[in-house]
Amino acid sequence: MNETLATSLVGIFGITGSLLLLGSALAMFRVRDALSRINVFSPATGLGMPLIVAAAYVFDLHSAGFSWSSLLMAVVAVLCLIIVSSVASNTLARSTVLSGQPVFRKTSPNRLAFPPEGVIDVESEEA
């Protein structure tokens, strides 16, 4: 691989991934409730971290040459980041709602506060 191309790809992937992480971290300070914080961090975990892994793989590819083990590690790392990110986001959002954390008044629409249309809420009828 051409050294200029490898350096450019590592720089583009690494800087883009880092900027996504930084942007998500800064945006977390601006949102007011836990659900919004979980939502704001998803671009960092879904795209930023895989871009950093891709930068590391391109760097390894350039410096050590192609190997199946490093390719497999990069693919597994990206897949694990995406799977763990989605499961963690769903788990955190569900626990936030079930714990009764307040939702910021300007978070709209708050569809989680009411049961879906056509679903009978048994708990509200018994109370």
# chains A, B, ... in the order shown; residues from 1 in each chain; ligands from 1

$ residues_around --residues "region 59-69 of chain A" --least-positions-apart "3" --cutoff "8 Å" --atoms "only C-alpha atoms" --output "PyMOL selection string"
chain A and resi 1+3+6-7+10+55-56+72-73

$ select_by_dssp --residues "chain A" --states "helix (DSSP H, G or I)" --output "number ranges by chain"
A: 3-30, 34-64, 68-99, 111-113, 122-126

$ atom_distance --atom1 "CA of Gly11 (chain A)" --atom2 "CA of Met28 (chain A)"
25.4 Å

$ atom_distance --atom1 "CA of Val58 (chain A)" --atom2 "CA of Ser86 (chain A)"
25.4 Å

$ residues_around --residues "Pro50 (chain A)" --least-positions-apart "5" --cutoff "12 Å" --atoms "only C-alpha atoms" --output "JSON, numbers by chain"
{"A": [13, 14, 16, 17, 18, 20, 21, 43, 44, 45, 55, 56, 57, 74, 75, 76, 77, 78, 79, 80, 81, 82, 83, 85]}

$ atom_distance --atom1 "CA of Ala27 (chain A)" --atom2 "CA of Asn39 (chain A)"
10.3 Å

$ closest_residue --among "A:Ser95, A:Gln101, A:Ser8, A:Ser24" --to "Arg37 (chain A)" --atoms "only C-alpha atoms"
A:Ser24

$ closest_residue --among "A:Ile120, A:Phe104, A:Ala54, A:Arg94" --to "Ile12 (chain A)" --atoms "only C-alpha atoms"
A:Ala54

$ closest_residue --among "A:Leu47, A:Gly118, A:Val103, A:Val87" --to "Leu19 (chain A)" --atoms "only C-alpha atoms"
A:Leu47

$ decode --residues "region 9-44 of chain A" --atoms "N, CA and C atoms" --output "mmCIF file, in the first residue's frame"
data_model
loop_
_atom_site.group_PDB
_atom_site.id
_atom_site.type_symbol
_atom_site.label_atom_id
_atom_site.label_comp_id
_atom_site.auth_asym_id
_atom_site.auth_seq_id
_atom_site.Cartn_x
_atom_site.Cartn_y
_atom_site.Cartn_z
ATOM 1 N N LEU A 9 -5.533 7.695 4.869
ATOM 2 C CA LEU A 9 -6.673 6.926 5.388
ATOM 3 C C LEU A 9 -6.660 6.853 6.908
ATOM 4 N N VAL A 10 -5.486 6.604 7.485
ATOM 5 C CA VAL A 10 -5.390 6.562 8.949
ATOM 6 C C VAL A 10 -5.791 7.910 9.534
ATOM 7 N N GLY A 11 -5.328 8.989 8.932
ATOM 8 C CA GLY A 11 -5.681 10.322 9.424
ATOM 9 C C GLY A 11 -7.159 10.623 9.295
ATOM 10 N N ILE A 12 -7.731 10.300 8.136
ATOM 11 C CA ILE A 12 -9.157 10.577 7.918
ATOM 12 C C ILE A 12 -10.020 9.758 8.872
ATOM 13 N N PHE A 13 -9.756 8.447 8.936
ATOM 14 C CA PHE A 13 -10.561 7.593 9.823
ATOM 15 C C PHE A 13 -10.367 7.966 11.290
ATOM 16 N N GLY A 14 -9.117 8.172 11.688
ATOM 17 C CA GLY A 14 -8.840 8.478 13.093
ATOM 18 C C GLY A 14 -9.402 9.817 13.528
ATOM 19 N N ILE A 15 -9.207 10.839 12.706
ATOM 20 C CA ILE A 15 -9.693 12.173 13.073
ATOM 21 C C ILE A 15 -11.219 12.228 13.035
ATOM 22 N N THR A 16 -11.827 11.607 12.029
ATOM 23 C CA THR A 16 -13.294 11.604 11.961
ATOM 24 C C THR A 16 -13.891 10.880 13.157
ATOM 25 N N GLY A 17 -13.348 9.703 13.494
ATOM 26 C CA GLY A 17 -13.839 8.969 14.662
ATOM 27 C C GLY A 17 -13.647 9.747 15.947
ATOM 28 N N SER A 18 -12.490 10.389 16.082
ATOM 29 C CA SER A 18 -12.226 11.180 17.288
ATOM 30 C C SER A 18 -13.142 12.391 17.387
ATOM 31 N N LEU A 19 -13.393 13.038 16.253
ATOM 32 C CA LEU A 19 -14.302 14.191 16.272
ATOM 33 C C LEU A 19 -15.738 13.768 16.608
ATOM 34 N N LEU A 20 -16.156 12.602 16.127
ATOM 35 C CA LEU A 20 -17.486 12.109 16.507
ATOM 36 C C LEU A 20 -17.566 11.843 18.007
ATOM 37 N N LEU A 21 -16.519 11.254 18.569
ATOM 38 C CA LEU A 21 -16.500 11.023 20.015
ATOM 39 C C LEU A 21 -16.502 12.340 20.789
ATOM 40 N N LEU A 22 -15.695 13.288 20.345
ATOM 41 C CA LEU A 22 -15.642 14.587 21.015
ATOM 42 C C LEU A 22 -16.966 15.326 20.900
ATOM 43 N N GLY A 23 -17.558 15.312 19.713
ATOM 44 C CA GLY A 23 -18.848 15.969 19.522
ATOM 45 C C GLY A 23 -19.943 15.363 20.385
ATOM 46 N N SER A 24 -19.944 14.050 20.490
ATOM 47 C CA SER A 24 -20.945 13.392 21.338
ATOM 48 C C SER A 24 -20.713 13.707 22.805
ATOM 49 N N ALA A 25 -19.457 13.727 23.219
ATOM 50 C CA ALA A 25 -19.160 14.053 24.621
ATOM 51 C C ALA A 25 -19.567 15.483 24.951
ATOM 52 N N LEU A 26 -19.303 16.419 24.049
ATOM 53 C CA LEU A 26 -19.705 17.805 24.297
ATOM 54 C C LEU A 26 -21.226 17.969 24.258
ATOM 55 N N ALA A 27 -21.883 17.234 23.376
ATOM 56 C CA ALA A 27 -23.343 17.318 23.287
ATOM 57 C C ALA A 27 -24.011 16.758 24.539
ATOM 58 N N MET A 28 -23.343 15.837 25.214
ATOM 59 C CA MET A 28 -23.927 15.275 26.442
ATOM 60 C C MET A 28 -24.084 16.332 27.530
ATOM 61 N N PHE A 29 -23.244 17.362 27.490
ATOM 62 C CA PHE A 29 -23.364 18.435 28.478
ATOM 63 C C PHE A 29 -24.551 19.348 28.184
ATOM 64 N N ARG A 30 -25.006 19.379 26.954
ATOM 65 C CA ARG A 30 -26.080 20.295 26.569
ATOM 66 C C ARG A 30 -27.477 19.703 26.766
ATOM 67 N N VAL A 31 -27.617 18.392 26.773
ATOM 68 C CA VAL A 31 -28.943 17.791 26.914
ATOM 69 C C VAL A 31 -29.320 17.730 28.381
ATOM 70 N N ARG A 32 -30.621 17.674 28.620
ATOM 71 C CA ARG A 32 -31.107 17.837 29.988
ATOM 72 C C ARG A 32 -31.536 16.544 30.678
ATOM 73 N N ASP A 33 -31.820 15.483 29.933
ATOM 74 C CA ASP A 33 -32.315 14.273 30.595
ATOM 75 C C ASP A 33 -31.511 13.056 30.154
ATOM 76 N N ALA A 34 -31.694 11.963 30.899
ATOM 77 C CA ALA A 34 -30.914 10.751 30.677
ATOM 78 C C ALA A 34 -31.213 10.118 29.319
ATOM 79 N N LEU A 35 -32.444 10.137 28.886
ATOM 80 C CA LEU A 35 -32.788 9.544 27.590
ATOM 81 C C LEU A 35 -32.088 10.268 26.445
ATOM 82 N N SER A 36 -32.023 11.560 26.520
ATOM 83 C CA SER A 36 -31.340 12.329 25.480
ATOM 84 C C SER A 36 -29.843 12.080 25.501
ATOM 85 N N ARG A 37 -29.277 11.895 26.690
ATOM 86 C CA ARG A 37 -27.842 11.604 26.784
ATOM 87 C C ARG A 37 -27.523 10.258 26.146
ATOM 88 N N ILE A 38 -28.377 9.283 26.358
ATOM 89 C CA ILE A 38 -28.175 7.977 25.735
ATOM 90 C C ILE A 38 -28.260 8.121 24.223
ATOM 91 N N ASN A 39 -29.217 8.885 23.746
ATOM 92 C CA ASN A 39 -29.404 9.081 22.313
ATOM 93 C C ASN A 39 -28.244 9.846 21.682
ATOM 94 N N VAL A 40 -27.693 10.817 22.390
ATOM 95 C CA VAL A 40 -26.609 11.625 21.871
ATOM 96 C C VAL A 40 -25.321 10.801 21.721
ATOM 97 N N PHE A 41 -25.123 9.829 22.571
ATOM 98 C CA PHE A 41 -23.877 9.073 22.539
ATOM 99 C C PHE A 41 -23.862 7.980 21.469
ATOM 100 N N SER A 42 -25.004 7.692 20.844
ATOM 101 C CA SER A 42 -25.043 6.604 19.872
ATOM 102 C C SER A 42 -24.188 6.840 18.622
ATOM 103 N N PRO A 43 -24.044 8.046 18.079
ATOM 104 C CA PRO A 43 -23.138 8.193 16.932
ATOM 105 C C PRO A 43 -21.688 7.866 17.270
ATOM 106 N N ALA A 44 -21.287 8.167 18.491
ATOM 107 C CA ALA A 44 -19.912 7.875 18.885
ATOM 108 C C ALA A 44 -19.651 6.377 18.952
#
